[in-house]
>>> print(open('coords.txt').read())   # compact mmCIF, C-alpha atoms (C1' of nucleotides)
# COMPACT_ATOMS: atom_id res chain seq x y z
CA MET A 272 -12.17 5.04 10.16
CA ASN A 273 -8.80 6.52 9.41
CA PRO A 274 -7.20 4.76 6.43
CA GLU A 275 -3.78 5.72 7.77
CA THR A 276 -4.21 3.36 10.69
CA LEU A 277 -5.10 0.53 8.34
CA ALA A 278 -2.30 1.35 5.93
CA ALA A 279 0.24 1.36 8.72
CA LEU A 280 -0.94 -2.02 9.94
CA SER A 281 -1.19 -3.54 6.48
CA GLU A 282 2.57 -3.83 6.07
CA PRO A 283 3.56 -7.26 7.43
CA ASN A 284 6.73 -6.14 9.21
CA ARG A 285 4.90 -3.30 10.89
CA LEU A 286 2.20 -5.69 11.98
CA ARG A 287 4.91 -7.85 13.52
CA ILE A 288 6.30 -4.84 15.34
CA VAL A 289 2.88 -4.06 16.75
CA GLU A 290 2.47 -7.64 17.89
CA LEU A 291 5.87 -7.55 19.53
CA LEU A 292 5.05 -4.31 21.32
CA ARG A 293 1.88 -5.80 22.69
CA ALA A 294 3.98 -7.33 25.47
CA GLY A 295 5.42 -3.95 26.40
CA PRO A 296 7.81 -1.18 25.33
CA ARG A 297 11.08 -2.08 23.62
CA PRO A 298 14.12 -0.26 22.26
CA VAL A 299 14.78 -0.23 18.52
CA ASN A 300 17.70 -2.58 18.76
CA ASP A 301 15.57 -5.19 20.46
CA ILE A 302 12.97 -4.93 17.73
CA HIS A 303 15.34 -5.19 14.82
CA VAL A 304 17.19 -8.16 16.29
CA ARG A 305 14.13 -10.11 17.35
CA LEU A 306 12.30 -9.57 14.10
CA LYS A 307 15.43 -9.94 11.99
CA LEU A 308 15.03 -6.62 10.27
CA ARG A 309 17.77 -4.22 9.20
CA GLN A 310 18.20 -1.41 11.63
CA SER A 311 17.06 1.14 9.06
CA GLN A 312 14.00 -0.92 8.36
CA ALA A 313 13.08 -0.97 12.03
CA SER A 314 13.55 2.79 12.33
CA GLN A 315 11.57 3.54 9.21
CA HIS A 316 8.68 1.31 10.07
CA LEU A 317 8.58 2.77 13.55
CA LYS A 318 8.47 6.21 11.98
CA VAL A 319 5.40 5.23 9.98
CA LEU A 320 3.74 3.69 13.02
CA LYS A 321 4.47 6.82 15.00
CA ALA A 322 3.07 9.08 12.27
CA ALA A 323 -0.11 7.01 12.40
CA GLY A 324 -0.21 7.44 16.16
CA LEU A 325 0.07 3.73 16.74
CA VAL A 326 3.20 3.98 18.84
CA ALA A 327 4.87 6.53 21.06
CA MET A 328 8.57 6.93 21.77
CA GLU A 329 10.40 7.67 24.96
CA PRO A 330 14.17 8.19 25.04
CA ARG A 331 16.29 6.67 27.78
CA ALA A 332 19.98 7.40 27.35
CA GLN A 333 20.88 6.56 23.76
CA GLN A 334 18.01 4.16 23.46
CA ARG A 335 14.51 4.95 22.22
CA PHE A 336 11.78 2.89 23.73
CA TYR A 337 8.67 2.43 21.63
CA ARG A 338 5.34 1.41 23.02
CA LEU A 339 1.83 0.94 21.68
CA ARG A 340 -0.67 3.75 21.86
CA ALA A 341 -4.25 2.85 22.64
CA GLU A 342 -6.20 5.40 20.66
CA PRO A 343 -6.00 4.16 17.05
CA LEU A 344 -6.47 0.53 18.06
CA LYS A 345 -9.43 1.46 20.16
CA GLN A 346 -10.99 3.46 17.35
CA LEU A 347 -10.48 0.66 14.88
CA HIS A 348 -12.11 -1.70 17.32
CA GLU A 349 -15.05 0.63 17.74
CA TRP A 350 -15.41 1.03 14.00
CA LEU A 351 -15.59 -2.72 13.58
CA ASP A 352 -18.20 -2.85 16.29
CA THR A 353 -20.50 -0.93 13.98
CA TYR A 354 -20.26 -3.93 11.61
CA ARG A 355 -21.20 -6.41 14.27
CA HIS A 356 -24.58 -6.99 12.66
CA VAL A 357 -22.80 -8.37 9.61
CA TRP A 358 -21.67 -11.44 11.50
CA GLU A 359 -24.45 -11.60 14.06
CA ASP A 360 -27.41 -11.34 11.76
CA ARG A 361 -28.66 -14.90 11.32
CA PHE A 362 -30.34 -14.26 8.00
CA GLU A 363 -27.20 -12.90 6.43
CA ALA A 364 -25.20 -15.72 7.93
CA LEU A 365 -27.56 -18.28 6.47
CA ASP A 366 -27.48 -16.55 3.13
CA GLU A 367 -23.73 -16.80 3.17
CA ILE A 368 -23.71 -20.48 4.01
CA VAL A 369 -26.03 -21.20 1.12
CA GLU A 370 -23.76 -19.20 -1.15
CA GLU A 371 -20.69 -21.10 -0.09
CA LEU A 372 -22.36 -24.45 -0.56
CA LYS A 373 -23.25 -23.38 -4.08
CA GLN A 374 -19.61 -22.63 -4.84
CA LYS A 375 -18.44 -26.01 -3.62
CA ALA A 376 -21.08 -27.85 -5.59
CA MET B 280 -4.15 -11.10 11.60
CA ASN B 281 -4.12 -11.33 7.85
CA PRO B 282 -2.38 -8.29 6.36
CA GLU B 283 -4.40 -8.73 3.18
CA THR B 284 -7.56 -7.72 5.01
CA LEU B 285 -5.88 -4.58 6.29
CA ALA B 286 -4.31 -3.77 2.92
CA ALA B 287 -7.66 -4.08 1.19
CA LEU B 288 -9.29 -1.74 3.70
CA SER B 289 -6.44 0.76 3.70
CA GLU B 290 -7.32 2.12 0.28
CA PRO B 291 -9.75 5.02 0.85
CA ASN B 292 -12.09 4.22 -2.03
CA ARG B 293 -12.31 0.60 -0.99
CA LEU B 294 -13.08 1.67 2.54
CA ARG B 295 -15.91 3.79 1.17
CA ILE B 296 -17.22 0.80 -0.75
CA VAL B 297 -17.22 -1.29 2.41
CA GLU B 298 -19.06 1.43 4.28
CA LEU B 299 -21.61 1.68 1.50
CA LEU B 300 -22.15 -2.06 1.51
CA ARG B 301 -22.80 -2.04 5.21
CA ALA B 302 -26.38 -1.08 4.42
CA GLY B 303 -26.82 -4.07 2.14
CA PRO B 304 -25.87 -5.58 -1.24
CA ARG B 305 -25.60 -3.33 -4.28
CA PRO B 306 -24.84 -3.70 -7.97
CA VAL B 307 -21.62 -2.25 -9.39
CA ASN B 308 -23.39 0.55 -11.19
CA ASP B 309 -24.93 1.75 -7.96
CA ILE B 310 -21.55 1.80 -6.28
CA HIS B 311 -19.73 3.65 -9.00
CA VAL B 312 -22.41 6.30 -9.32
CA ARG B 313 -22.93 6.88 -5.62
CA LEU B 314 -19.23 7.06 -4.84
CA LYS B 315 -18.40 8.95 -8.03
CA LEU B 316 -15.85 6.45 -9.19
CA ARG B 317 -15.11 5.38 -12.73
CA GLN B 318 -16.73 2.11 -13.61
CA SER B 319 -13.37 0.41 -14.02
CA GLN B 320 -12.30 1.70 -10.64
CA ALA B 321 -15.36 0.23 -9.00
CA SER B 322 -14.82 -3.14 -10.67
CA GLN B 323 -11.15 -3.28 -9.81
CA HIS B 324 -11.57 -2.29 -6.21
CA LEU B 325 -14.34 -4.84 -5.86
CA LYS B 326 -11.98 -7.41 -7.31
CA VAL B 327 -9.43 -6.65 -4.59
CA LEU B 328 -12.07 -6.74 -1.88
CA LYS B 329 -13.29 -10.05 -3.22
CA ALA B 330 -9.78 -11.51 -3.30
CA ALA B 331 -9.44 -10.51 0.34
CA GLY B 332 -12.72 -12.24 1.10
CA LEU B 333 -14.31 -9.01 2.27
CA VAL B 334 -17.14 -9.16 -0.23
CA ALA B 335 -19.03 -11.80 -2.15
CA MET B 336 -20.72 -11.45 -5.50
CA GLU B 337 -24.01 -12.74 -6.76
CA PRO B 338 -25.13 -12.25 -10.35
CA ARG B 339 -28.70 -11.30 -11.20
CA ALA B 340 -29.23 -10.88 -14.91
CA GLN B 341 -26.45 -8.60 -16.19
CA GLN B 342 -25.96 -7.07 -12.79
CA ARG B 343 -23.52 -8.26 -10.16
CA PHE B 344 -24.59 -7.66 -6.61
CA TYR B 345 -21.82 -7.32 -4.08
CA ARG B 346 -22.30 -7.75 -0.37
CA LEU B 347 -20.10 -7.77 2.70
CA ARG B 348 -18.73 -11.02 4.04
CA ALA B 349 -18.56 -11.39 7.79
CA GLU B 350 -15.47 -13.51 8.27
CA PRO B 351 -12.57 -11.08 7.74
CA LEU B 352 -14.28 -8.28 9.64
CA LYS B 353 -15.04 -10.63 12.47
CA GLN B 354 -11.46 -11.86 12.60
CA LEU B 355 -10.09 -8.35 12.59
CA HIS B 356 -12.44 -7.49 15.41
CA GLU B 357 -11.29 -10.51 17.37
CA TRP B 358 -7.66 -9.69 16.77
CA LEU B 359 -8.21 -6.20 18.15
CA ASP B 360 -9.91 -7.70 21.15
CA THR B 361 -6.57 -9.23 22.09
CA TYR B 362 -5.27 -5.64 22.42
CA ARG B 363 -8.06 -4.59 24.69
CA HIS B 364 -5.67 -4.40 27.64
CA VAL B 365 -3.80 -1.61 25.83
CA TRP B 366 -6.69 0.77 26.30
CA GLU B 367 -8.21 -0.73 29.41
CA ASP B 368 -5.12 -1.00 31.55
CA ARG B 369 -5.23 2.00 33.87
CA PHE B 370 -1.50 2.10 34.47
CA GLU B 371 -0.68 2.27 30.80
CA ALA B 372 -3.41 4.82 30.26
CA LEU B 373 -2.01 7.00 33.00
CA ASP B 374 1.45 6.62 31.62
CA GLU B 375 0.19 7.84 28.28
CA ILE B 376 -1.53 10.87 29.76
CA VAL B 377 1.65 11.90 31.52
CA GLU B 378 3.56 11.48 28.28
CA GLU B 379 1.13 13.64 26.35
CA LEU B 380 1.20 16.37 28.95
CA LYS B 381 4.95 16.39 28.64
CA GLN B 382 4.73 16.92 24.89
CA LYS B 383 2.37 19.85 25.24
CA ALA B 384 4.52 21.49 27.91
C1' DG C 215 36.51 16.71 22.79
C1' DC C 216 36.82 11.72 21.17
C1' DA C 217 35.37 7.12 20.75
C1' DT C 218 31.44 4.25 21.11
C1' DT C 219 26.75 2.93 21.10
C1' DA C 220 22.08 3.56 19.52
C1' DT C 221 19.11 5.38 16.30
C1' DA C 222 17.64 8.30 12.39
C1' DT C 223 17.98 9.89 7.74
C1' DT C 224 19.32 10.02 2.95
C1' DC C 225 19.59 8.03 -1.52
C1' DG C 226 19.03 5.11 -5.52
C1' DT C 227 16.66 1.13 -7.14
C1' DT C 228 12.88 -1.72 -7.66
C1' DG C 229 8.27 -3.45 -7.46
C1' DA C 230 3.45 -2.74 -6.47
C1' DC C 231 -0.64 -0.31 -7.10
C1' DA C 232 -4.19 3.34 -8.45
C1' DT C 233 -5.89 5.58 -12.39
C1' DG C 234 -8.24 6.39 -16.96
C1' DA C 235 -9.09 5.08 -21.57
C1' DA C 236 -10.17 1.56 -24.37
C1' DT C 237 -11.69 -2.96 -25.30
C1' DA C 238 -13.67 -7.44 -24.15
C1' DT C 239 -17.11 -10.25 -22.02
C1' DT C 240 -21.62 -11.57 -20.26
C1' DC C 241 -26.43 -11.77 -20.39
C1' DA C 242 -31.31 -10.65 -21.49
C1' DT C 243 -34.31 -9.44 -25.20
C1' DG C 244 -36.27 -8.39 -29.59
C1' DC D 238 -28.30 -13.83 -33.77
C1' DA D 239 -27.89 -8.81 -33.38
C1' DT D 240 -28.25 -5.29 -30.04
C1' DG D 241 -27.75 -2.83 -25.85
C1' DA D 242 -26.84 -2.78 -20.94
C1' DA D 243 -23.85 -4.06 -17.18
C1' DT D 244 -19.52 -5.38 -15.78
C1' DA D 245 -14.74 -7.09 -16.27
C1' DT D 246 -10.21 -6.83 -18.16
C1' DT D 247 -6.22 -4.97 -20.52
C1' DC D 248 -2.83 -1.62 -21.10
C1' DA D 249 0.14 2.42 -20.45
C1' DT D 250 1.40 5.78 -17.21
C1' DG D 251 2.52 7.95 -12.97
C1' DT D 252 3.18 7.67 -8.05
C1' DC D 253 4.46 5.79 -3.82
C1' DA D 254 6.53 2.73 -0.61
C1' DA D 255 9.96 -0.91 0.86
C1' DC D 256 14.51 -2.16 0.78
C1' DG D 257 19.75 -2.04 1.58
C1' DA D 258 23.81 0.54 1.92
C1' DA D 259 25.79 4.38 3.48
C1' DT D 260 25.97 8.37 6.18
C1' DA D 261 24.41 11.55 9.79
C1' DT D 262 22.83 12.61 14.36
C1' DA D 263 22.30 11.99 19.44
C1' DA D 264 23.81 10.67 23.86
C1' DT D 265 27.18 8.52 27.02
C1' DG D 266 31.59 7.87 29.28
C1' DC D 267 36.48 8.33 29.29
>>> encode(input="coords.txt", output="structure tokens")
Amino acid sequence: MNPETLAALSEPNRLRIVELLRAGPRPVNDIHVRLKLRQSQASQHLKVLKAAGLVAMEPRAQQRFYRLRAEPLKQLHEWLDTYRHVWEDRFEALDEIVEELKQKA
Amino acid sequence: MNPETLAALSEPNRLRIVELLRAGPRPVNDIHVRLKLRQSQASQHLKVLKAAGLVAMEPRAQQRFYRLRAEPLKQLHEWLDTYRHVWEDRFEALDEIVEELKQKA
DNA sequence: GCATTATATTCGTTGACATGAATATTCATG
DNA sequence: CATGAATATTCATGTCAACGAATATAATGC
């Protein structure tokens, strides 16, 4: 996995931007108003997201529309798939339940 | 999604620890030697991972065995699943290809 | 070309975090 | 209970990133 993807998503406001863009592309102004961010904040966070490849930009007149890019999200999803056994393995799951009961007791 | 999970994973050495633990629980010493980290580094990163719920610890004699916990990884995986349409939607995918061709031209 | 709108960038400040060295703590054993 | 092994914590330092204010740039229409 690319830590840059995770770092970009780990900032709460950027995560909110990503969640907003899930519904479709939006101009910067829309993002900064809806999420109640300063305009510079919106621009800077979008810059980081773009550097990480998580969004792409398309200009229309003076506006810049940002939209999600599939690749990093897909790769993160695939990486997590390789950990599937961690939550599907019944023995490990049982082990964990026992552990958590211990802590409560 | 919980940004704490992403923040914990976004640090490269912590990501390496998680990948090492995928194969099974290990004591701190094993981690710090294998990953060529200082002992204090290993302990501190494990502390962060533990705070994020990504690992659990079980003492055996003087050693502390750390192992992956399923929950945060599972939740991250599920969160990404809600973005599946981003990479499965053919129209968006096509749109992206066109965009990338433009940038190369 | 000027005013306006939309966005990007710069800059200084502040807070968070990674690091390494040193020290403290925990636990088994003689 | 003193010792050594394994791990955790403290502390000082340096670096980086987020923020807000201000300024710069880009594109449109008059």
>>> closest_residue(input="coords.txt", among="A:Leu317, A:Glu290, A:Ser311, A:Asp301", to="DT260 in chain D", atoms="all atoms listed in the file")
A:Ser311
>>> residues_around(input="coords.txt", residues="Pro283 in chain A", least_positions_apart="3", cutoff="7 Å", atoms="all atoms listed in the file", output="JSON, numbers by chain")
{"A": [286, 287], "B": [282]}
>>> residues_around(input="coords.txt", residues="DT250 in chain D", least_positions_apart="4", cutoff="12 Å", atoms="all atoms listed in the file", output="PyMOL selection string")
chain C and resi 231-235
>>> write_last_selection(input="coords.txt", atoms="C-alpha atoms (C1' of nucleotides)", output="CSV table (one decimal), keeping the file's coordinate frame")
chain,number,residue,atom,x,y,z
C,231,DC,C1',-0.6,-0.3,-7.1
C,232,DA,C1',-4.2,3.3,-8.4
C,233,DT,C1',-5.9,5.6,-12.4
C,234,DG,C1',-8.2,6.4,-17.0
C,235,DA,C1',-9.1,5.1,-21.6
>>> interface_residues(input="coords.txt", of="chain D", to="chain B", cutoff="12 Å", atoms="only C-alpha atoms (C1' of nucleotides)", output="list in words")
DG241, DA242, DA243, DT244, DA245, DT246 and DT247 of chain D
>>> write_last_selection(input="coords.txt", atoms="C-alpha atoms (C1' of nucleotides)", output="short mmCIF file (atom, residue, chain, number, x, y, z; two decimals), in the coordinates of the input")
data_model
loop_
_atom_site.label_atom_id
_atom_site.label_comp_id
_atom_site.auth_asym_id
_atom_site.auth_seq_id
_atom_site.Cartn_x
_atom_site.Cartn_y
_atom_site.Cartn_z
"C1'" DG D 241 -27.75 -2.83 -25.85
"C1'" DA D 242 -26.84 -2.78 -20.94
"C1'" DA D 243 -23.85 -4.06 -17.18
"C1'" DT D 244 -19.52 -5.38 -15.78
"C1'" DA D 245 -14.74 -7.09 -16.27
"C1'" DT D 246 -10.21 -6.83 -18.16
"C1'" DT D 247 -6.22 -4.97 -20.52
#
>>> interface_residues(input="coords.txt", of="chain A", to="chain B", cutoff="9 Å", atoms="all atoms listed in the file", output="PyMOL selection string")
chain A and resi 272-283+286+293+327+329+339-342+344-345+347-349+351-352+354-359+363-364+367+370
>>> interface_residues(input="coords.txt", of="chain C", to="chain B", cutoff="8 Å", atoms="all atoms listed in the file", output="mmCIF file with C-alpha atoms (C1' of nucleotides), keeping the file's coordinate frame")
data_model
loop_
_atom_site.group_PDB
_atom_site.id
_atom_site.type_symbol
_atom_site.label_atom_id
_atom_site.label_comp_id
_atom_site.auth_asym_id
_atom_site.auth_seq_id
_atom_site.Cartn_x
_atom_site.Cartn_y
_atom_site.Cartn_z
ATOM 1 C "C1'" DT C 233 -5.890 5.580 -12.390
ATOM 2 C "C1'" DT C 240 -21.620 -11.570 -20.260
ATOM 3 C "C1'" DC C 241 -26.430 -11.770 -20.390
ATOM 4 C "C1'" DA C 242 -31.310 -10.650 -21.490
#
>>> atom_distance(input="coords.txt", atom1="CA of Ile288 in chain A", atom2="CA of Lys321 in chain A")
11.8 Å
>>> atom_distance(input="coords.txt", atom1="C1' of DA217 in chain C", atom2="CA of Pro296 in chain A")
29.1 Å
>>> axis_aligned_box(input="coords.txt", around="range 256-263 of chain D", padding_each_side="4 Å", output="JSON")
{"center_x": 20.2, "center_y": 5.2, "center_z": 10.1, "size_x": 19.5, "size_y": 22.8, "size_z": 26.7}
>>> atom_distance(input="coords.txt", atom1="CA of Pro338 in chain B", atom2="CA of Arg305 in chain B")
10.8 Å
